[in-house]
Protein chains: 2
Amino acid sequence: MITNAVIIGAGNLATQLAIALKNKNISIKQVFSRNIDNAAELGKKVDSDYTNMLSEIISDADIYIIAVKDSAIQEVVLNLPLNNNQFIVHTAGSVNMSILDGFSSNYGVLYPFQTFSKSRNVDFSEIPICIETNHPANLMKLQGLASLLSNSVNQINSDERKTLHIAAVFANNFVNHLYTISSEILHNKNLSFELIKPLIAETAEKIKSMKPIEAQTGPAKRNDKTITENHLNELRTNPDIQKIYSFITDSIFRFHINKNS
Amino acid sequence: MITNAVIIGAGNLATQLAIALKNKNISIKQVFSRNIDNAAELGKKVDSDYTNMLSEIISDADIYIIAVKDSAIQEVVLNLPLNNNQFIVHTAGSVNMSILDGFSSNYGVLYPFQTFSKSRNVDFSEIPICIETNHPANLMKLQGLASLLSNSVNQINSDERKTLHIAAVFANNFVNHLYTISSEILHNKNLSFELIKPLIAETAEKIKSMKPIEAQTGPAKRNDKTITENHLNELRTNPDIQKIYSFITDSIFRFHINKNS
């Protein structure tokens with residue numbers, strides 16, 4: 001059973017994960033970040049030691065959770081001063097579990113499927129946690145740890161996890177960019193972003209009980225050329241936004257034509 | 001003061017608006033729809049007479065609310081059997097108030113800035129209602145009616161309303177299409193859409209307290225080519241979705257480069 005952890009990383013996910021584990025009485029023994037201020041800040045939050053030297057990482061923790069950016073994972077595992085037995089997991093959506101192969105006989109992935117900010121504490125209990133390990137015994141251990149945090153623990157392999165991450169890019173990163181664009185459009189005409197917040201909330205709320213394909217409305221779906229061409233004309237001063245309008249409008253139309261034919 | 005109304009239309013908005021007004025003790029005297037079954041269905045919901053003949057519309061209501069599709073507004077006003085005094089409003093985001101000019105000396109627009117479904121009752125109190133009239137006295141009357149429904153009543157002219165509608169296409173129609181795409185991506189690999197619902201909810205929740213531009217995360221913003229090219233490769237079997245990925249990724253990158261430079 002896992003009763004303590006070392007957290008490698010001090011970004012958004014590392015911070016929220018460390019706090020959530022600490023709240024479930026998993027002792028955070030040490031926090032690492034390349035940036036000593038960040039390491040200290042998180043160390044303080046979860047009452048743990050901290051370091052900015054990989055060589056100083058302690059060797060007797062139950063689990064090592066690597067929550068650094070994807071491109072830094074390899075370098076971190078290469079330089080962990082551990083023997084071949086410690087349980088190491090990474091937390092990345094798009095990185096295959098096999099990146100940890102050869103560095104330990106016990107490894108896996110713990111991927112909380114959510115977006116995180118340092119400053120915004122989230123309730124982990126509703127966050128799907130996706131786990132994968134190299135061995136059934138490790139799966140039991142990781143399942144035990146993940147179940148402390150969440151009611152939704154899912155065994156998901158590396159291929160499936162990559163698919164989840166792509167879906168998340170659409171539903172989170174791209175959606176947020178559309179929020180940004182709509183904010184810009186309003187701002188350019190001195191209209192408050194507050195006006196559109198209830199619409200954004202309801203758009204997300206709707207798909208809790210309706211399939212998104214059934215929730216689709218608007219001029220693109222109806223192929224209402226009078227409105228879409230009028231809108232495109234209004235957007236002519238911003239070619240980038242205009243192109244996105246045109247492109248997604250076409251995509252909605254094609255998508256719904258195909259589905260109905 | 002407005003104490004009763006005729007509702008012209010029986011679609012999503014007409015239905016929700018009629019129900020909301022009825023709940024605030026505005027008597028719905030009559031409902032019109034081209035389709036008699038739809039007229040009857042809404043008539044029953046709000047305890048009102050109904051008709052599918054414009055020529056049968058009564059002439060003594062305090063307000064006539066036209067909630068039909070944009071392209072049908074002109075035909076409806078042309079055929080309303082009214083004299084020149086009745087108070088007529090339409091509810092369309094992208095239609096100028098002037099479409100009502102010449103048909104009555106009292107007219108305006110009542111535009112609830114939200115997405116509606118027939119089957120999903122919404123709480124109007126938090127929905128921004130945008131109003132515009134041809135005359136200050138009508139503004140007072142419409143303000144009075146709108147204030148019964150919502151705590152957010154905003155005087156918005158036709159140009160501003162068009163801008164709101166464009167912003168809504170991005171934040172509602174286009175966002176929902178991205179939900180649809182992410183649902184497809186998951187479905188194609190037999191992964192449940194349930195897994196992504198908490199992420200969608202948090203993405204929308206975040207921008208209640210953060211500016212969307214500050215909430216942006218992900219490989220596109222970081223210009224992480226390893227991930228974005230890997231994702232594009234995964235999406236090669238669906239060129240339409242692949243193009244959207246490529247296009248929005250570029251847009252996010254350009255947008256954040258420009259903002260930071």
# chains A, B, ... in the order shown; residues from 1 in each chain; ligands from 1
>>> residues_around(residues="stretch 126-139 of chain A", least_positions_apart="4", cutoff="9 Å", atoms="only C-alpha atoms", output="ChimeraX atom specification")
/A:87,89,97-98,101,105-114,122,143-144,146-147,149-158,161 /B:195-196,198-199
>>> select_by_dssp(residues="stretch 1-88 of chain B", states="strand (DSSP E)", output="MDAnalysis selection string")
chainID B and resid 4:8 27:32 49:51 64:66 87:88
>>> write_last_selection(atoms="all heavy atoms", output="short mmCIF file (atom, residue, chain, number, x, y, z; two decimals), in the first residue's frame")
data_model
loop_
_atom_site.label_atom_id
_atom_site.label_comp_id
_atom_site.auth_asym_id
_atom_site.auth_seq_id
_atom_site.Cartn_x
_atom_site.Cartn_y
_atom_site.Cartn_z
N ASN B 4 -50.36 41.17 -20.90
CA ASN B 4 -50.65 39.98 -21.70
C ASN B 4 -49.88 40.05 -23.01
O ASN B 4 -49.37 41.10 -23.38
CB ASN B 4 -52.15 39.83 -21.94
CG ASN B 4 -52.71 41.02 -22.72
OD1 ASN B 4 -52.35 41.23 -23.88
ND2 ASN B 4 -53.56 41.82 -22.08
N ALA B 5 -49.81 38.90 -23.69
CA ALA B 5 -49.00 38.84 -24.91
C ALA B 5 -49.55 37.81 -25.89
O ALA B 5 -50.23 36.86 -25.49
CB ALA B 5 -47.56 38.47 -24.55
N VAL B 6 -49.27 38.05 -27.17
CA VAL B 6 -49.46 37.02 -28.20
C VAL B 6 -48.06 36.54 -28.61
O VAL B 6 -47.16 37.36 -28.84
CB VAL B 6 -50.21 37.57 -29.42
CG1 VAL B 6 -50.11 36.62 -30.62
CG2 VAL B 6 -51.67 37.82 -29.08
N ILE B 7 -47.88 35.24 -28.65
CA ILE B 7 -46.58 34.67 -29.03
C ILE B 7 -46.70 34.11 -30.45
O ILE B 7 -47.53 33.24 -30.71
CB ILE B 7 -46.17 33.52 -28.08
CG1 ILE B 7 -46.16 33.98 -26.62
CG2 ILE B 7 -44.82 32.93 -28.49
CD1 ILE B 7 -45.06 34.92 -26.24
N ILE B 8 -45.86 34.62 -31.33
CA ILE B 8 -45.88 34.17 -32.71
C ILE B 8 -44.65 33.30 -32.94
O ILE B 8 -43.51 33.78 -32.93
CB ILE B 8 -45.92 35.38 -33.67
CG1 ILE B 8 -47.23 36.15 -33.40
CG2 ILE B 8 -45.85 34.92 -35.13
CD1 ILE B 8 -47.25 37.54 -33.95
N SER B 27 -50.38 37.02 -19.03
CA SER B 27 -51.31 36.11 -19.67
C SER B 27 -50.95 35.94 -21.15
O SER B 27 -50.80 36.92 -21.88
CB SER B 27 -52.73 36.67 -19.50
OG SER B 27 -53.59 36.12 -20.47
N ILE B 28 -50.77 34.69 -21.57
CA ILE B 28 -50.53 34.43 -23.00
C ILE B 28 -51.91 34.27 -23.64
O ILE B 28 -52.62 33.28 -23.41
CB ILE B 28 -49.67 33.16 -23.20
CG1 ILE B 28 -48.39 33.21 -22.35
CG2 ILE B 28 -49.33 33.00 -24.69
CD1 ILE B 28 -47.47 34.38 -22.61
N LYS B 29 -52.30 35.27 -24.42
CA LYS B 29 -53.67 35.26 -24.96
C LYS B 29 -53.79 34.35 -26.18
O LYS B 29 -54.84 33.80 -26.43
CB LYS B 29 -54.09 36.69 -25.34
CG LYS B 29 -54.19 37.60 -24.11
CD LYS B 29 -54.72 38.97 -24.45
CE LYS B 29 -56.25 39.01 -24.42
NZ LYS B 29 -56.77 40.39 -24.49
N GLN B 30 -52.71 34.21 -26.93
CA GLN B 30 -52.78 33.40 -28.15
C GLN B 30 -51.37 33.00 -28.57
O GLN B 30 -50.41 33.73 -28.35
CB GLN B 30 -53.44 34.22 -29.26
CG GLN B 30 -53.93 33.43 -30.46
CD GLN B 30 -54.56 34.34 -31.50
OE1 GLN B 30 -54.16 35.51 -31.63
NE2 GLN B 30 -55.54 33.84 -32.24
N VAL B 31 -51.31 31.83 -29.19
CA VAL B 31 -50.05 31.34 -29.73
C VAL B 31 -50.29 31.03 -31.21
O VAL B 31 -51.33 30.47 -31.57
CB VAL B 31 -49.62 30.05 -28.98
CG1 VAL B 31 -48.53 29.33 -29.74
CG2 VAL B 31 -49.18 30.38 -27.57
N PHE B 32 -49.33 31.45 -32.04
CA PHE B 32 -49.42 31.13 -33.47
C PHE B 32 -48.26 30.25 -33.90
O PHE B 32 -47.11 30.49 -33.51
CB PHE B 32 -49.40 32.41 -34.32
CG PHE B 32 -49.10 32.14 -35.78
CD1 PHE B 32 -50.12 31.83 -36.66
CD2 PHE B 32 -47.79 32.18 -36.27
CE1 PHE B 32 -49.85 31.54 -38.00
CE2 PHE B 32 -47.51 31.89 -37.60
CZ PHE B 32 -48.55 31.58 -38.47
N ASP B 49 -55.21 30.24 -26.12
CA ASP B 49 -55.73 29.92 -27.44
C ASP B 49 -54.56 29.74 -28.41
O ASP B 49 -53.43 30.18 -28.12
CB ASP B 49 -56.61 31.07 -27.97
CG ASP B 49 -57.97 31.06 -27.26
OD1 ASP B 49 -58.32 30.04 -26.65
OD2 ASP B 49 -58.63 32.11 -27.31
N TYR B 50 -54.84 29.14 -29.54
CA TYR B 50 -53.78 28.98 -30.53
C TYR B 50 -54.39 28.96 -31.92
O TYR B 50 -55.60 28.71 -32.08
CB TYR B 50 -52.99 27.69 -30.27
CG TYR B 50 -53.82 26.43 -30.31
CD1 TYR B 50 -54.02 25.74 -31.50
CD2 TYR B 50 -54.41 25.93 -29.14
CE1 TYR B 50 -54.80 24.59 -31.53
CE2 TYR B 50 -55.18 24.80 -29.17
CZ TYR B 50 -55.37 24.12 -30.36
OH TYR B 50 -56.15 22.99 -30.38
N THR B 51 -53.57 29.25 -32.90
CA THR B 51 -54.04 29.24 -34.30
C THR B 51 -52.86 28.98 -35.23
O THR B 51 -51.70 29.18 -34.84
CB THR B 51 -54.69 30.60 -34.69
OG1 THR B 51 -55.08 30.56 -36.07
CG2 THR B 51 -53.70 31.76 -34.51
N TYR B 64 -46.95 41.86 -29.10
CA TYR B 64 -46.85 40.74 -30.04
C TYR B 64 -45.38 40.37 -30.16
O TYR B 64 -44.56 41.19 -30.59
CB TYR B 64 -47.42 41.13 -31.42
CG TYR B 64 -48.90 41.40 -31.33
CD1 TYR B 64 -49.36 42.61 -30.80
CD2 TYR B 64 -49.83 40.44 -31.69
CE1 TYR B 64 -50.73 42.85 -30.65
CE2 TYR B 64 -51.19 40.67 -31.54
CZ TYR B 64 -51.63 41.87 -31.01
OH TYR B 64 -52.97 42.10 -30.85
N ILE B 65 -45.06 39.18 -29.71
CA ILE B 65 -43.65 38.75 -29.69
C ILE B 65 -43.42 37.76 -30.82
O ILE B 65 -43.94 36.64 -30.81
CB ILE B 65 -43.28 38.12 -28.33
CG1 ILE B 65 -43.54 39.14 -27.20
CG2 ILE B 65 -41.83 37.64 -28.34
CD1 ILE B 65 -43.27 38.59 -25.80
N ILE B 66 -42.64 38.22 -31.80
CA ILE B 66 -42.36 37.37 -32.98
C ILE B 66 -41.11 36.56 -32.72
O ILE B 66 -40.00 37.10 -32.68
CB ILE B 66 -42.18 38.23 -34.24
CG1 ILE B 66 -43.44 39.10 -34.47
CG2 ILE B 66 -41.90 37.35 -35.46
CD1 ILE B 66 -43.29 40.09 -35.63
N PHE B 87 -47.96 47.04 -30.20
CA PHE B 87 -46.54 46.95 -29.87
C PHE B 87 -46.02 45.58 -30.35
O PHE B 87 -46.45 44.54 -29.87
CB PHE B 87 -46.38 47.10 -28.35
CG PHE B 87 -44.96 47.27 -27.90
CD1 PHE B 87 -43.95 47.74 -28.74
CD2 PHE B 87 -44.61 46.98 -26.57
CE1 PHE B 87 -42.65 47.90 -28.29
CE2 PHE B 87 -43.31 47.15 -26.11
CZ PHE B 87 -42.33 47.60 -26.98
N ILE B 88 -45.13 45.66 -31.32
CA ILE B 88 -44.58 44.43 -31.93
C ILE B 88 -43.08 44.36 -31.67
O ILE B 88 -42.36 45.33 -31.91
CB ILE B 88 -44.79 44.44 -33.47
CG1 ILE B 88 -46.27 44.69 -33.81
CG2 ILE B 88 -44.32 43.14 -34.10
CD1 ILE B 88 -46.52 44.84 -35.31
#
>>> residues_around(residues="A:Ser251", least_positions_apart="6", cutoff="10 Å", atoms="only C-alpha atoms", output="PyMOL selection string")
(chain A and resi 220-221+245+257) or (chain B and resi 174+177+240-241+243-244)
>>> write_last_selection(atoms="N, CA and C atoms", output="PDB file, in the first residue's frame")
ATOM      1  N   ALA A 220     -25.073  27.736 -39.006  1.00  0.00           N
ATOM      2  CA  ALA A 220     -24.270  26.779 -39.774  1.00  0.00           C
ATOM      3  C   ALA A 220     -25.040  25.474 -39.967  1.00  0.00           C
ATOM      4  N   LYS A 221     -25.633  24.982 -38.894  1.00  0.00           N
ATOM      5  CA  LYS A 221     -26.380  23.721 -38.993  1.00  0.00           C
ATOM      6  C   LYS A 221     -27.575  23.874 -39.922  1.00  0.00           C
ATOM      7  N   TYR A 245     -14.278  31.241 -38.636  1.00  0.00           N
ATOM      8  CA  TYR A 245     -15.733  31.225 -38.789  1.00  0.00           C
ATOM      9  C   TYR A 245     -16.119  30.397 -40.013  1.00  0.00           C
ATOM     10  N   ILE A 257     -24.921  17.193 -42.503  1.00  0.00           N
ATOM     11  CA  ILE A 257     -25.412  16.611 -43.756  1.00  0.00           C
ATOM     12  C   ILE A 257     -25.074  15.117 -43.786  1.00  0.00           C
TER      13      ILE A 257
ATOM     14  N   PHE B 174     -20.100  26.909 -32.282  1.00  0.00           N
ATOM     15  CA  PHE B 174     -18.801  26.329 -32.635  1.00  0.00           C
ATOM     16  C   PHE B 174     -18.248  25.475 -31.480  1.00  0.00           C
ATOM     17  N   HIS B 177     -19.874  22.234 -31.557  1.00  0.00           N
ATOM     18  CA  HIS B 177     -19.333  21.389 -32.636  1.00  0.00           C
ATOM     19  C   HIS B 177     -18.017  20.732 -32.194  1.00  0.00           C
ATOM     20  N   ASP B 240     -11.176  15.891 -42.299  1.00  0.00           N
ATOM     21  CA  ASP B 240     -11.934  17.066 -41.896  1.00  0.00           C
ATOM     22  C   ASP B 240     -11.560  17.478 -40.466  1.00  0.00           C
ATOM     23  N   ILE B 241     -11.527  16.504 -39.576  1.00  0.00           N
ATOM     24  CA  ILE B 241     -11.159  16.773 -38.184  1.00  0.00           C
ATOM     25  C   ILE B 241      -9.683  17.171 -38.105  1.00  0.00           C
ATOM     26  N   LYS B 243      -8.003  18.793 -40.345  1.00  0.00           N
ATOM     27  CA  LYS B 243      -7.870  20.179 -40.780  1.00  0.00           C
ATOM     28  C   LYS B 243      -8.262  21.150 -39.672  1.00  0.00           C
ATOM     29  N   ILE B 244      -9.325  20.827 -38.966  1.00  0.00           N
ATOM     30  CA  ILE B 244      -9.742  21.705 -37.858  1.00  0.00           C
ATOM     31  C   ILE B 244      -8.646  21.752 -36.791  1.00  0.00           C
TER      32      ILE B 244
END
>>> atom_distance(atom1="atom CA of B:Asn12", atom2="atom CA of B:Ser119")
8.1 Å
>>> atom_distance(atom1="atom CA of A:Asp159", atom2="atom CA of B:Ile185")
12.7 Å
>>> atom_distance(atom1="atom CA of A:Glu160", atom2="atom CA of B:Ile227")
15.2 Å
>>> closest_residue(among="B:Ser48, B:Ser192, B:Thr180, B:Asn79", to="chain A", atoms="only C-alpha atoms")
B:Thr180
>>> decode(residues="stretch 199-210 of chain A", atoms="N, CA, C and O atoms", output="mmCIF file, in the first residue's frame")
data_model
loop_
_atom_site.group_PDB
_atom_site.id
_atom_site.type_symbol
_atom_site.label_atom_id
_atom_site.label_comp_id
_atom_site.auth_asym_id
_atom_site.auth_seq_id
_atom_site.Cartn_x
_atom_site.Cartn_y
_atom_site.Cartn_z
ATOM 1 N N LEU A 199 -24.446 32.072 -21.455
ATOM 2 C CA LEU A 199 -24.542 31.236 -22.665
ATOM 3 C C LEU A 199 -23.460 30.161 -22.665
ATOM 4 O O LEU A 199 -23.709 28.995 -23.000
ATOM 5 N N ILE A 200 -22.255 30.547 -22.278
ATOM 6 C CA ILE A 200 -21.155 29.579 -22.195
ATOM 7 C C ILE A 200 -21.472 28.494 -21.171
ATOM 8 O O ILE A 200 -21.271 27.306 -21.415
ATOM 9 N N ALA A 201 -22.009 28.917 -20.024
ATOM 10 C CA ALA A 201 -22.345 27.946 -18.967
ATOM 11 C C ALA A 201 -23.421 26.975 -19.454
ATOM 12 O O ALA A 201 -23.301 25.760 -19.273
ATOM 13 N N GLU A 202 -24.453 27.498 -20.107
ATOM 14 C CA GLU A 202 -25.555 26.633 -20.565
ATOM 15 C C GLU A 202 -25.101 25.693 -21.682
ATOM 16 O O GLU A 202 -25.545 24.543 -21.749
ATOM 17 N N THR A 203 -24.206 26.177 -22.546
ATOM 18 C CA THR A 203 -23.686 25.343 -23.641
ATOM 19 C C THR A 203 -22.990 24.099 -23.080
ATOM 20 O O THR A 203 -23.172 22.990 -23.584
ATOM 21 N N ALA A 204 -22.208 24.308 -22.026
ATOM 22 C CA ALA A 204 -21.522 23.179 -21.386
ATOM 23 C C ALA A 204 -22.505 22.322 -20.582
ATOM 24 O O ALA A 204 -22.402 21.093 -20.545
ATOM 25 N N GLU A 205 -23.453 22.978 -19.947
ATOM 26 C CA GLU A 205 -24.425 22.270 -19.099
ATOM 27 C C GLU A 205 -25.297 21.321 -19.931
ATOM 28 O O GLU A 205 -25.596 20.207 -19.506
ATOM 29 N N LYS A 206 -25.691 21.806 -21.105
ATOM 30 C CA LYS A 206 -26.597 21.037 -21.977
ATOM 31 C C LYS A 206 -26.102 19.628 -22.257
ATOM 32 O O LYS A 206 -26.864 18.688 -22.270
ATOM 33 N N ILE A 207 -24.777 19.507 -22.518
ATOM 34 C CA ILE A 207 -24.292 18.202 -22.963
ATOM 35 C C ILE A 207 -24.123 17.224 -21.799
ATOM 36 O O ILE A 207 -23.706 16.082 -22.008
ATOM 37 N N LYS A 208 -24.479 17.669 -20.579
ATOM 38 C CA LYS A 208 -24.545 16.689 -19.486
ATOM 39 C C LYS A 208 -25.734 15.749 -19.696
ATOM 40 O O LYS A 208 -25.704 14.609 -19.272
ATOM 41 N N SER A 209 -26.782 16.268 -20.352
ATOM 42 C CA SER A 209 -27.975 15.440 -20.536
ATOM 43 C C SER A 209 -28.352 15.215 -22.005
ATOM 44 O O SER A 209 -29.228 14.422 -22.297
ATOM 45 N N MET A 210 -27.706 15.931 -22.935
ATOM 46 C CA MET A 210 -27.979 15.718 -24.364
ATOM 47 C C MET A 210 -26.681 15.341 -25.050
ATOM 48 O O MET A 210 -25.614 15.811 -24.663
#
